[in-house]
Structures are given as C-alpha cells and as structure tokens.
$ cat run_13.cif   # mmCIF, C-alpha atoms
data_model
loop_
_atom_site.group_PDB
_atom_site.id
_atom_site.type_symbol
_atom_site.label_atom_id
_atom_site.label_comp_id
_atom_site.auth_asym_id
_atom_site.auth_seq_id
_atom_site.Cartn_x
_atom_site.Cartn_y
_atom_site.Cartn_z
ATOM 1 C CA MET A 1 53.763 -10.750 -9.654
ATOM 2 C CA LEU A 2 50.829 -13.100 -9.108
ATOM 3 C CA THR A 3 51.097 -14.995 -5.843
ATOM 4 C CA LEU A 4 49.524 -18.363 -5.234
ATOM 5 C CA ARG A 5 47.113 -16.752 -2.751
ATOM 6 C CA SER A 6 46.043 -14.128 -5.354
ATOM 7 C CA LEU A 7 45.558 -16.809 -7.993
ATOM 8 C CA ALA A 8 43.430 -18.877 -5.587
ATOM 9 C CA LEU A 9 41.315 -15.803 -4.777
ATOM 10 C CA ILE A 10 40.810 -14.985 -8.466
ATOM 11 C CA LEU A 11 39.818 -18.585 -9.230
ATOM 12 C CA ALA A 12 37.468 -18.699 -6.242
ATOM 13 C CA ILE A 13 35.761 -15.491 -7.360
ATOM 14 C CA GLY A 14 35.529 -16.818 -10.912
ATOM 15 C CA PHE A 15 33.996 -20.114 -9.811
ATOM 16 C CA ALA A 16 31.609 -18.341 -7.445
ATOM 17 C CA GLY A 17 30.476 -16.089 -10.289
ATOM 18 C CA ALA A 18 30.080 -19.058 -12.630
ATOM 19 C CA SER A 19 28.044 -21.030 -10.112
ATOM 20 C CA HIS A 20 25.920 -17.939 -9.446
ATOM 21 C CA GLU A 21 25.070 -17.713 -13.140
ATOM 22 C CA VAL A 22 23.997 -21.343 -13.211
ATOM 23 C CA ALA A 23 21.940 -20.967 -10.026
ATOM 24 C CA ALA A 24 20.244 -17.837 -11.407
ATOM 25 C CA GLN A 25 18.968 -19.706 -14.470
ATOM 26 C CA LYS A 26 15.418 -20.871 -13.987
ATOM 27 C CA PRO A 27 13.847 -23.798 -15.794
ATOM 28 C CA SER A 28 11.218 -22.823 -18.319
ATOM 29 C CA PRO A 29 7.733 -23.885 -17.343
ATOM 30 C CA SER A 30 6.235 -26.598 -19.478
ATOM 31 C CA GLU A 31 3.691 -25.503 -22.061
ATOM 32 C CA ALA A 32 1.251 -27.916 -20.429
ATOM 33 C CA ASP A 33 1.624 -26.202 -17.022
ATOM 34 C CA VAL A 34 1.191 -22.735 -18.536
ATOM 35 C CA ALA A 35 -1.909 -23.885 -20.449
ATOM 36 C CA ALA A 36 -3.345 -25.570 -17.329
ATOM 37 C CA ILE A 37 -2.763 -22.478 -15.172
ATOM 38 C CA ASN A 38 -4.310 -20.199 -17.796
ATOM 39 C CA ALA A 39 -7.308 -22.549 -18.011
ATOM 40 C CA VAL A 40 -7.777 -22.438 -14.222
ATOM 41 C CA TYR A 41 -8.868 -18.808 -14.413
ATOM 42 C CA GLY A 42 -11.602 -19.541 -16.963
ATOM 43 C CA GLU A 43 -12.769 -22.629 -15.084
ATOM 44 C CA TRP A 44 -12.773 -20.664 -11.825
ATOM 45 C CA SER A 45 -14.937 -17.949 -13.360
ATOM 46 C CA GLN A 46 -17.378 -20.570 -14.700
ATOM 47 C CA ALA A 47 -17.507 -22.340 -11.324
ATOM 48 C CA MET A 48 -18.247 -19.073 -9.574
ATOM 49 C CA ALA A 49 -21.010 -18.215 -12.079
ATOM 50 C CA ALA A 50 -22.575 -21.664 -11.691
ATOM 51 C CA ARG A 51 -22.005 -22.369 -7.981
ATOM 52 C CA GLY A 52 -21.313 -18.951 -6.444
ATOM 53 C CA ALA A 53 -19.200 -18.859 -3.318
ATOM 54 C CA GLU A 54 -18.796 -22.650 -3.261
ATOM 55 C CA GLY A 55 -17.395 -22.573 -6.801
ATOM 56 C CA TYR A 56 -15.004 -19.746 -5.887
ATOM 57 C CA ALA A 57 -13.693 -21.445 -2.751
ATOM 58 C CA SER A 58 -13.303 -24.845 -4.427
ATOM 59 C CA PHE A 59 -10.299 -23.559 -6.382
ATOM 60 C CA PHE A 60 -8.260 -22.939 -3.200
ATOM 61 C CA VAL A 61 -6.162 -25.498 -1.344
ATOM 62 C CA ALA A 62 -7.769 -26.453 1.989
ATOM 63 C CA ASP A 63 -5.524 -24.087 3.970
ATOM 64 C CA GLY A 64 -5.344 -21.356 1.322
ATOM 65 C CA ALA A 65 -5.777 -17.670 2.098
ATOM 66 C CA VAL A 66 -7.222 -14.523 0.592
ATOM 67 C CA LEU A 67 -5.315 -11.411 1.658
ATOM 68 C CA PRO A 68 -7.586 -8.430 0.975
ATOM 69 C CA PRO A 69 -6.335 -4.868 1.330
ATOM 70 C CA ASP A 70 -6.906 -3.169 4.658
ATOM 71 C CA GLY A 71 -8.161 -6.281 6.371
ATOM 72 C CA PRO A 72 -7.142 -9.517 8.014
ATOM 73 C CA ALA A 73 -6.244 -12.637 6.083
ATOM 74 C CA ILE A 74 -9.156 -14.937 5.265
ATOM 75 C CA GLU A 75 -7.670 -18.359 5.984
ATOM 76 C CA GLY A 76 -9.013 -21.754 5.000
ATOM 77 C CA ARG A 77 -11.422 -22.794 2.255
ATOM 78 C CA GLU A 78 -14.539 -22.526 4.460
ATOM 79 C CA ALA A 79 -13.630 -19.016 5.655
ATOM 80 C CA ILE A 80 -12.940 -18.027 2.038
ATOM 81 C CA ARG A 81 -16.351 -19.370 1.010
ATOM 82 C CA LYS A 82 -18.108 -17.365 3.744
ATOM 83 C CA TRP A 83 -16.125 -14.219 2.920
ATOM 84 C CA ILE A 84 -16.844 -14.327 -0.829
ATOM 85 C CA GLN A 85 -20.517 -15.116 -0.141
ATOM 86 C CA LYS A 86 -20.754 -11.862 1.828
ATOM 87 C CA VAL A 87 -19.049 -9.988 -1.031
ATOM 88 C CA LEU A 88 -21.453 -11.524 -3.565
ATOM 89 C CA ASP A 89 -24.468 -10.730 -1.367
ATOM 90 C CA GLU A 90 -23.440 -7.065 -1.096
ATOM 91 C CA SER A 91 -22.223 -6.130 -4.575
ATOM 92 C CA THR A 92 -21.699 -6.953 -8.223
ATOM 93 C CA VAL A 93 -18.967 -5.949 -10.646
ATOM 94 C CA LYS A 94 -19.564 -4.394 -14.033
ATOM 95 C CA ASP A 95 -17.311 -3.181 -16.849
ATOM 96 C CA ALA A 96 -14.473 -5.422 -15.635
ATOM 97 C CA ARG A 97 -11.208 -5.175 -17.539
ATOM 98 C CA LEU A 98 -8.439 -7.657 -16.986
ATOM 99 C CA SER A 99 -4.816 -7.228 -18.004
ATOM 100 C CA TRP A 100 -2.532 -10.236 -17.529
ATOM 101 C CA GLY A 101 0.956 -9.727 -16.193
ATOM 102 C CA PRO A 102 3.792 -12.219 -15.944
ATOM 103 C CA LEU A 103 3.389 -15.862 -14.991
ATOM 104 C CA LEU A 104 6.306 -17.515 -13.219
ATOM 105 C CA VAL A 105 6.299 -21.303 -12.776
ATOM 106 C CA SER A 106 8.887 -23.416 -10.974
ATOM 107 C CA ASN A 107 8.940 -26.584 -8.898
ATOM 108 C CA GLY A 108 5.181 -27.081 -8.753
ATOM 109 C CA MET A 109 4.446 -23.483 -7.745
ATOM 110 C CA ALA A 110 3.249 -20.571 -9.876
ATOM 111 C CA VAL A 111 2.965 -16.835 -9.332
ATOM 112 C CA ARG A 112 0.659 -14.811 -11.558
ATOM 113 C CA ARG A 113 0.422 -11.014 -11.557
ATOM 114 C CA PHE A 114 -2.377 -9.037 -13.233
ATOM 115 C CA THR A 115 -4.578 -5.968 -12.949
ATOM 116 C CA LEU A 116 -8.349 -5.777 -12.785
ATOM 117 C CA SER A 117 -10.428 -2.637 -13.064
ATOM 118 C CA GLY A 118 -14.128 -1.920 -13.270
ATOM 119 C CA GLN A 119 -17.001 -0.733 -11.135
ATOM 120 C CA ARG A 120 -18.361 -2.225 -7.942
ATOM 121 C CA VAL A 121 -22.120 -1.743 -7.666
ATOM 122 C CA LEU A 122 -23.712 -2.117 -4.238
ATOM 123 C CA LYS A 123 -26.936 -4.122 -4.334
ATOM 124 C CA LYS A 124 -28.520 -1.800 -1.770
ATOM 125 C CA GLY A 125 -28.109 1.085 -4.223
ATOM 126 C CA GLY A 126 -25.889 4.087 -4.594
ATOM 127 C CA ASP A 127 -23.337 5.212 -7.127
ATOM 128 C CA PRO A 128 -20.968 2.596 -8.550
ATOM 129 C CA ALA A 129 -17.441 2.774 -7.136
ATOM 130 C CA ARG A 130 -14.597 2.500 -9.620
ATOM 131 C CA PHE A 131 -11.683 0.244 -8.776
ATOM 132 C CA ASN A 132 -8.287 -0.401 -10.343
ATOM 133 C CA ASN A 133 -6.408 -3.161 -8.515
ATOM 134 C CA LYS A 134 -3.191 -5.103 -8.910
ATOM 135 C CA TYR A 135 -3.227 -8.775 -7.923
ATOM 136 C CA VAL A 136 -0.733 -11.504 -7.087
ATOM 137 C CA ASP A 137 -1.914 -15.118 -7.073
ATOM 138 C CA VAL A 138 0.168 -18.044 -5.864
ATOM 139 C CA LEU A 139 -0.904 -21.440 -7.178
ATOM 140 C CA GLN A 140 0.315 -24.934 -6.370
ATOM 141 C CA LYS A 141 0.279 -27.996 -8.580
ATOM 142 C CA GLN A 142 -1.752 -30.753 -6.965
ATOM 143 C CA PRO A 143 -0.893 -34.480 -7.005
ATOM 144 C CA ASP A 144 -3.551 -35.030 -9.709
ATOM 145 C CA GLY A 145 -1.867 -32.412 -11.955
ATOM 146 C CA SER A 146 -4.476 -29.690 -11.388
ATOM 147 C CA TRP A 147 -3.574 -26.249 -10.047
ATOM 148 C CA LYS A 148 -5.167 -24.606 -7.001
ATOM 149 C CA PHE A 149 -4.791 -21.226 -5.390
ATOM 150 C CA VAL A 150 -2.710 -20.998 -2.235
ATOM 151 C CA TYR A 151 -2.791 -17.205 -1.825
ATOM 152 C CA ARG A 152 -4.548 -14.302 -3.488
ATOM 153 C CA MET A 153 -3.472 -10.780 -2.571
ATOM 154 C CA TRP A 154 -4.316 -7.395 -4.049
ATOM 155 C CA SER A 155 -4.179 -3.670 -3.510
ATOM 156 C CA SER A 156 -5.360 -0.567 -5.275
ATOM 157 C CA ASN A 157 -3.420 1.100 -8.068
ATOM 158 C CA GLU A 158 -5.015 4.366 -6.979
ATOM 159 C CA GLY A 159 -2.961 6.682 -4.764
#
$ encode --input "run_13.cif" --output "structure tokens"
Amino acid sequence: MLTLRSLALILAIGFAGASHEVAAQKPSPSEADVAAINAVYGEWSQAMAARGAEGYASFFVADGAVLPPDGPAIEGREAIRKWIQKVLDESTVKDARLSWGPLLVSNGMAVRRFTLSGQRVLKKGGDPARFNNKYVDVLQKQPDGSWKFVYRMWSSNEG
C-alpha cells in the first residue's frame, strides 16, 4: 500500500528528475555568434601575419592568459605579446594542419577545441621538430559584440 510519505518521495524524485532535464538543456548558440567566433581565427591569423606579436596579443582580453605545456602561465596582454615575440624570433611553423573540434557557446562565453600538427623549424638551424597538439581556447563576447580570447591552453597528443 502506498503511504503518503512514499507518494511524496516518488513525486519529489520525479520533479527533481524533471527539473534536472530542463537544467541540462543548453541554449543553442546563435548562428551569428558561431560565424563571428569562426571568423576570429582567420582575422587573428591575418593580424599576426601583418603585425606579428602585437597582432597576436591584440586578440586577447587585457587580463587573458596563455597556458603553454610544461611552463608557467603567461598572464596579461603585454606578457603574451612578449612571449609570442620570443617564439616568433626563435622558430617558424611549416606544414601546419588544423582539425576543428567542437565549439560550445553559452552566456557570452565560448570554448573551442581543436588539434594542430606540423613542424617547428628553429631559425638558428637544425632538424625540424614535428608536433601534434590539442588545444582548448576560451573566448568571451565583448560589449561591442566582438570575441576575444581569455585563455589558450594546449598539450601534446604524443605520449
């Protein structure tokens, strides 16, 4: 026989499950946001080609961070600019291959995952070093509607 307490427990579990389903649903990102985020990567590449380290750093929020593997966080746009300038002074990349992963967008924030592989060639000479990395970028929608990087983190896919 079903007691009032058992019925209340069953209803509570049912409502909790129903509210969990609703909470688990995520709003779909707008097509405009997805297009704008996808465009950021092309614009970023062009800015870096045209303006080097300054172009690279300009796509980060003022207090953004780059989180390279096996090293400390590079925090703040100016530190990012100095860091990437050193990278650009020391090496170039050739035979780069990019493979986009998922893009998640919600509440003015976006997370993009992808892989990048190629060869890093030291400017001082030596054999090119192959790399195969996985990346996670976190972007934030700015008041003017543009998107900027908050964090960039990566690690090797190699064992």
$ resolve_selection --input "run_13.cif" --expression "the PyMOL selection byres ((chain A and resi 73) around 12)" --output "MDAnalysis selection string"
chainID A and resid 63:72 74:76 79:80 83 151:154
$ write_last_selection --input "run_13.cif" --atoms "C-alpha atoms" --output "mmCIF file, in the frame of the given file"
data_model
loop_
_atom_site.group_PDB
_atom_site.id
_atom_site.type_symbol
_atom_site.label_atom_id
_atom_site.label_comp_id
_atom_site.auth_asym_id
_atom_site.auth_seq_id
_atom_site.Cartn_x
_atom_site.Cartn_y
_atom_site.Cartn_z
ATOM 1 C CA ASP A 63 -5.524 -24.087 3.970
ATOM 2 C CA GLY A 64 -5.344 -21.356 1.322
ATOM 3 C CA ALA A 65 -5.777 -17.670 2.098
ATOM 4 C CA VAL A 66 -7.222 -14.523 0.592
ATOM 5 C CA LEU A 67 -5.315 -11.411 1.658
ATOM 6 C CA PRO A 68 -7.586 -8.430 0.975
ATOM 7 C CA PRO A 69 -6.335 -4.868 1.330
ATOM 8 C CA ASP A 70 -6.906 -3.169 4.658
ATOM 9 C CA GLY A 71 -8.161 -6.281 6.371
ATOM 10 C CA PRO A 72 -7.142 -9.517 8.014
ATOM 11 C CA ILE A 74 -9.156 -14.937 5.265
ATOM 12 C CA GLU A 75 -7.670 -18.359 5.984
ATOM 13 C CA GLY A 76 -9.013 -21.754 5.000
ATOM 14 C CA ALA A 79 -13.630 -19.016 5.655
ATOM 15 C CA ILE A 80 -12.940 -18.027 2.038
ATOM 16 C CA TRP A 83 -16.125 -14.219 2.920
ATOM 17 C CA TYR A 151 -2.791 -17.205 -1.825
ATOM 18 C CA ARG A 152 -4.548 -14.302 -3.488
ATOM 19 C CA MET A 153 -3.472 -10.780 -2.571
ATOM 20 C CA TRP A 154 -4.316 -7.395 -4.049
#
$ closest_residue --input "run_13.cif" --among "A:Val87, A:Val93, A:Ala36, A:Val105" --to "Gly118 of chain A" --atoms "all atoms listed in the file"
A:Val93
$ residues_around --input "run_13.cif" --residues "Pro102 of chain A" --least-positions-apart "6" --cutoff "12 Å" --atoms "only C-alpha atoms" --output "PyMOL selection string"
chain A and resi 34+38+110-115+135-137
$ closest_residue --input "run_13.cif" --among "A:Pro29, A:Gly55, A:Pro128, A:Gly42" --to "Thr92 of chain A" --atoms "only C-alpha atoms"
A:Pro128
$ residues_around --input "run_13.cif" --residues "Phe60 of chain A" --least-positions-apart "4" --cutoff "8 Å" --atoms "all atoms listed in the file" --output "VMD selection string"
chain A and resid 56 64 to 65 77 148 to 150
$ closest_residue --input "run_13.cif" --among "A:Asp144, A:Val121, A:Ser30, A:Leu116" --to "Gly101 of chain A" --atoms "only C-alpha atoms"
A:Leu116
$ closest_residue --input "run_13.cif" --among "A:Ala57, A:Leu139, A:Met48, A:Gln119" --to "Asn107 of chain A" --atoms "all atoms listed in the file"
A:Leu139
$ atom_distance --input "run_13.cif" --atom1 "atom CA of Ser58 of chain A" --atom2 "atom CA of Ser45 of chain A"
11.4 Å
$ closest_residue --input "run_13.cif" --among "A:Leu103, A:Ala49, A:Ala96, A:Met109" --to "Asn133 of chain A" --atoms "all atoms listed in the file"
A:Ala96
$ atom_distance --input "run_13.cif" --atom1 "atom CA of Ser91 of chain A" --atom2 "atom CA of Ile37 of chain A"
27.5 Å
$ closest_residue --input "run_13.cif" --among "A:Leu104, A:Gly145, A:Ile84, A:Arg97" --to "Asn132 of chain A" --atoms "only C-alpha atoms"
A:Arg97
$ decode --input "run_13.cif" --residues "segment 137-153 of chain A" --atoms "all heavy atoms" --output "PDB file, in the first residue's frame"
ATOM      1  N   ASP A 137      40.600  26.686 -26.377  1.00  0.00           N
ATOM      2  CA  ASP A 137      40.523  28.144 -26.299  1.00  0.00           C
ATOM      3  C   ASP A 137      39.229  28.523 -25.593  1.00  0.00           C
ATOM      4  O   ASP A 137      38.180  27.923 -25.842  1.00  0.00           O
ATOM      5  CB  ASP A 137      40.490  28.771 -27.701  1.00  0.00           C
ATOM      6  CG  ASP A 137      41.824  28.706 -28.415  1.00  0.00           C
ATOM      7  OD1 ASP A 137      42.867  28.546 -27.749  1.00  0.00           O
ATOM      8  OD2 ASP A 137      41.822  28.825 -29.652  1.00  0.00           O
ATOM      9  N   VAL A 138      39.307  29.509 -24.735  1.00  0.00           N
ATOM     10  CA  VAL A 138      38.123  30.092 -24.107  1.00  0.00           C
ATOM     11  C   VAL A 138      38.038  31.528 -24.595  1.00  0.00           C
ATOM     12  O   VAL A 138      39.008  32.289 -24.486  1.00  0.00           O
ATOM     13  CB  VAL A 138      38.208  30.039 -22.569  1.00  0.00           C
ATOM     14  CG1 VAL A 138      36.996  30.726 -21.941  1.00  0.00           C
ATOM     15  CG2 VAL A 138      38.340  28.603 -22.079  1.00  0.00           C
ATOM     16  N   LEU A 139      36.899  31.879 -25.164  1.00  0.00           N
ATOM     17  CA  LEU A 139      36.677  33.226 -25.687  1.00  0.00           C
ATOM     18  C   LEU A 139      35.516  33.871 -24.941  1.00  0.00           C
ATOM     19  O   LEU A 139      34.632  33.176 -24.433  1.00  0.00           O
ATOM     20  CB  LEU A 139      36.349  33.176 -27.173  1.00  0.00           C
ATOM     21  CG  LEU A 139      37.426  32.600 -28.082  1.00  0.00           C
ATOM     22  CD1 LEU A 139      37.141  31.145 -28.386  1.00  0.00           C
ATOM     23  CD2 LEU A 139      37.501  33.384 -29.361  1.00  0.00           C
ATOM     24  N   GLN A 140      35.519  35.197 -24.926  1.00  0.00           N
ATOM     25  CA  GLN A 140      34.460  35.949 -24.267  1.00  0.00           C
ATOM     26  C   GLN A 140      33.934  37.008 -25.222  1.00  0.00           C
ATOM     27  O   GLN A 140      34.713  37.711 -25.879  1.00  0.00           O
ATOM     28  CB  GLN A 140      35.022  36.612 -23.011  1.00  0.00           C
ATOM     29  CG  GLN A 140      33.995  37.400 -22.214  1.00  0.00           C
ATOM     30  CD  GLN A 140      34.647  38.031 -21.005  1.00  0.00           C
ATOM     31  OE1 GLN A 140      35.698  38.669 -21.107  1.00  0.00           O
ATOM     32  NE2 GLN A 140      34.029  37.858 -19.847  1.00  0.00           N
ATOM     33  N   LYS A 141      32.614  37.114 -25.266  1.00  0.00           N
ATOM     34  CA  LYS A 141      31.989  38.146 -26.091  1.00  0.00           C
ATOM     35  C   LYS A 141      32.177  39.493 -25.411  1.00  0.00           C
ATOM     36  O   LYS A 141      31.918  39.656 -24.218  1.00  0.00           O
ATOM     37  CB  LYS A 141      30.504  37.849 -26.275  1.00  0.00           C
ATOM     38  CG  LYS A 141      29.846  38.686 -27.342  1.00  0.00           C
ATOM     39  CD  LYS A 141      28.454  38.185 -27.635  1.00  0.00           C
ATOM     40  CE  LYS A 141      27.894  38.841 -28.881  1.00  0.00           C
ATOM     41  NZ  LYS A 141      26.573  38.256 -29.214  1.00  0.00           N
ATOM     42  N   GLN A 142      32.639  40.453 -26.187  1.00  0.00           N
ATOM     43  CA  GLN A 142      32.919  41.792 -25.673  1.00  0.00           C
ATOM     44  C   GLN A 142      31.674  42.687 -25.810  1.00  0.00           C
ATOM     45  O   GLN A 142      30.775  42.387 -26.589  1.00  0.00           O
ATOM     46  CB  GLN A 142      34.103  42.391 -26.436  1.00  0.00           C
ATOM     47  CG  GLN A 142      35.364  41.543 -26.356  1.00  0.00           C
ATOM     48  CD  GLN A 142      35.816  41.331 -24.931  1.00  0.00           C
ATOM     49  OE1 GLN A 142      36.198  42.271 -24.254  1.00  0.00           O
ATOM     50  NE2 GLN A 142      35.771  40.085 -24.451  1.00  0.00           N
ATOM     51  N   PRO A 143      31.626  43.789 -25.078  1.00  0.00           N
ATOM     52  CA  PRO A 143      30.465  44.681 -25.158  1.00  0.00           C
ATOM     53  C   PRO A 143      30.144  45.149 -26.578  1.00  0.00           C
ATOM     54  O   PRO A 143      28.986  45.386 -26.913  1.00  0.00           O
ATOM     55  CB  PRO A 143      30.858  45.860 -24.261  1.00  0.00           C
ATOM     56  CG  PRO A 143      31.800  45.261 -23.262  1.00  0.00           C
ATOM     57  CD  PRO A 143      32.566  44.216 -24.038  1.00  0.00           C
ATOM     58  N   ASP A 144      31.174  45.240 -27.446  1.00  0.00           N
ATOM     59  CA  ASP A 144      30.928  45.684 -28.827  1.00  0.00           C
ATOM     60  C   ASP A 144      30.494  44.535 -29.745  1.00  0.00           C
ATOM     61  O   ASP A 144      30.300  44.732 -30.940  1.00  0.00           O
ATOM     62  CB  ASP A 144      32.163  46.381 -29.404  1.00  0.00           C
ATOM     63  CG  ASP A 144      33.353  45.435 -29.598  1.00  0.00           C
ATOM     64  OD1 ASP A 144      33.249  44.220 -29.296  1.00  0.00           O
ATOM     65  OD2 ASP A 144      34.405  45.910 -30.054  1.00  0.00           O
ATOM     66  N   GLY A 145      30.341  43.319 -29.177  1.00  0.00           N
ATOM     67  CA  GLY A 145      29.897  42.165 -29.961  1.00  0.00           C
ATOM     68  C   GLY A 145      31.029  41.320 -30.512  1.00  0.00           C
ATOM     69  O   GLY A 145      30.797  40.227 -31.023  1.00  0.00           O
ATOM     70  N   SER A 146      32.262  41.808 -30.423  1.00  0.00           N
ATOM     71  CA  SER A 146      33.411  41.021 -30.895  1.00  0.00           C
ATOM     72  C   SER A 146      33.734  39.929 -29.866  1.00  0.00           C
ATOM     73  O   SER A 146      33.216  39.930 -28.755  1.00  0.00           O
ATOM     74  CB  SER A 146      34.620  41.932 -31.102  1.00  0.00           C
ATOM     75  OG  SER A 146      35.074  42.444 -29.859  1.00  0.00           O
ATOM     76  N   TRP A 147      34.583  39.007 -30.265  1.00  0.00           N
ATOM     77  CA  TRP A 147      35.019  37.926 -29.381  1.00  0.00           C
ATOM     78  C   TRP A 147      36.522  38.031 -29.191  1.00  0.00           C
ATOM     79  O   TRP A 147      37.258  38.288 -30.130  1.00  0.00           O
ATOM     80  CB  TRP A 147      34.660  36.574 -29.982  1.00  0.00           C
ATOM     81  CG  TRP A 147      33.195  36.304 -29.954  1.00  0.00           C
ATOM     82  CD1 TRP A 147      32.263  36.701 -30.870  1.00  0.00           C
ATOM     83  CD2 TRP A 147      32.479  35.587 -28.953  1.00  0.00           C
ATOM     84  NE1 TRP A 147      31.017  36.278 -30.490  1.00  0.00           N
ATOM     85  CE2 TRP A 147      31.122  35.583 -29.315  1.00  0.00           C
ATOM     86  CE3 TRP A 147      32.848  34.945 -27.772  1.00  0.00           C
ATOM     87  CZ2 TRP A 147      30.135  34.957 -28.556  1.00  0.00           C
ATOM     88  CZ3 TRP A 147      31.876  34.317 -27.008  1.00  0.00           C
ATOM     89  CH2 TRP A 147      30.534  34.327 -27.400  1.00  0.00           C
ATOM     90  N   LYS A 148      36.971  37.839 -27.949  1.00  0.00           N
ATOM     91  CA  LYS A 148      38.405  37.856 -27.636  1.00  0.00           C
ATOM     92  C   LYS A 148      38.749  36.624 -26.811  1.00  0.00           C
ATOM     93  O   LYS A 148      37.908  36.072 -26.105  1.00  0.00           O
ATOM     94  CB  LYS A 148      38.784  39.119 -26.870  1.00  0.00           C
ATOM     95  CG  LYS A 148      38.711  40.374 -27.719  1.00  0.00           C
ATOM     96  CD  LYS A 148      39.529  41.481 -27.119  1.00  0.00           C
ATOM     97  CE  LYS A 148      39.473  42.708 -27.974  1.00  0.00           C
ATOM     98  NZ  LYS A 148      40.615  42.877 -28.820  1.00  0.00           N
ATOM     99  N   PHE A 149      40.017  36.250 -26.909  1.00  0.00           N
ATOM    100  CA  PHE A 149      40.500  35.100 -26.160  1.00  0.00           C
ATOM    101  C   PHE A 149      40.714  35.474 -24.695  1.00  0.00           C
ATOM    102  O   PHE A 149      41.268  36.523 -24.392  1.00  0.00           O
ATOM    103  CB  PHE A 149      41.826  34.592 -26.747  1.00  0.00           C
ATOM    104  CG  PHE A 149      41.658  34.007 -28.112  1.00  0.00           C
ATOM    105  CD1 PHE A 149      41.815  34.794 -29.241  1.00  0.00           C
ATOM    106  CD2 PHE A 149      41.321  32.674 -28.277  1.00  0.00           C
ATOM    107  CE1 PHE A 149      41.655  34.266 -30.510  1.00  0.00           C
ATOM    108  CE2 PHE A 149      41.154  32.131 -29.544  1.00  0.00           C
ATOM    109  CZ  PHE A 149      41.312  32.931 -30.661  1.00  0.00           C
ATOM    110  N   VAL A 150      40.282  34.582 -23.820  1.00  0.00           N
ATOM    111  CA  VAL A 150      40.521  34.727 -22.392  1.00  0.00           C
ATOM    112  C   VAL A 150      41.661  33.792 -22.005  1.00  0.00           C
ATOM    113  O   VAL A 150      42.595  34.192 -21.319  1.00  0.00           O
ATOM    114  CB  VAL A 150      39.253  34.390 -21.574  1.00  0.00           C
ATOM    115  CG1 VAL A 150      39.527  34.471 -20.078  1.00  0.00           C
ATOM    116  CG2 VAL A 150      38.101  35.305 -21.964  1.00  0.00           C
ATOM    117  N   TYR A 151      41.570  32.539 -22.467  1.00  0.00           N
ATOM    118  CA  TYR A 151      42.598  31.533 -22.192  1.00  0.00           C
ATOM    119  C   TYR A 151      42.877  30.720 -23.445  1.00  0.00           C
ATOM    120  O   TYR A 151      41.973  30.444 -24.222  1.00  0.00           O
ATOM    121  CB  TYR A 151      42.145  30.542 -21.107  1.00  0.00           C
ATOM    122  CG  TYR A 151      41.819  31.169 -19.785  1.00  0.00           C
ATOM    123  CD1 TYR A 151      40.526  31.133 -19.284  1.00  0.00           C
ATOM    124  CD2 TYR A 151      42.812  31.782 -19.025  1.00  0.00           C
ATOM    125  CE1 TYR A 151      40.221  31.699 -18.059  1.00  0.00           C
ATOM    126  CE2 TYR A 151      42.514  32.353 -17.798  1.00  0.00           C
ATOM    127  CZ  TYR A 151      41.217  32.300 -17.317  1.00  0.00           C
ATOM    128  OH  TYR A 151      40.923  32.872 -16.116  1.00  0.00           O
ATOM    129  N   ARG A 152      44.127  30.327 -23.583  1.00  0.00           N
ATOM    130  CA  ARG A 152      44.534  29.363 -24.604  1.00  0.00           C
ATOM    131  C   ARG A 152      45.442  28.368 -23.901  1.00  0.00           C
ATOM    132  O   ARG A 152      46.411  28.736 -23.252  1.00  0.00           O
ATOM    133  CB  ARG A 152      45.281  30.033 -25.736  1.00  0.00           C
ATOM    134  CG  ARG A 152      45.972  28.998 -26.645  1.00  0.00           C
ATOM    135  CD  ARG A 152      46.377  29.560 -27.941  1.00  0.00           C
ATOM    136  NE  ARG A 152      45.273  29.320 -28.840  1.00  0.00           N
ATOM    137  CZ  ARG A 152      45.386  29.258 -30.162  1.00  0.00           C
ATOM    138  NH1 ARG A 152      46.550  29.472 -30.736  1.00  0.00           N
ATOM    139  NH2 ARG A 152      44.349  29.035 -30.913  1.00  0.00           N
ATOM    140  N   MET A 153      45.096  27.084 -24.036  1.00  0.00           N
ATOM    141  CA  MET A 153      45.855  26.027 -23.366  1.00  0.00           C
ATOM    142  C   MET A 153      46.042  24.886 -24.340  1.00  0.00           C
ATOM    143  O   MET A 153      45.150  24.586 -25.140  1.00  0.00           O
ATOM    144  CB  MET A 153      45.101  25.555 -22.139  1.00  0.00           C
ATOM    145  CG  MET A 153      45.774  24.502 -21.332  1.00  0.00           C
ATOM    146  SD  MET A 153      44.781  24.164 -19.869  1.00  0.00           S
ATOM    147  CE  MET A 153      45.923  23.153 -18.986  1.00  0.00           C
TER     148      MET A 153
END
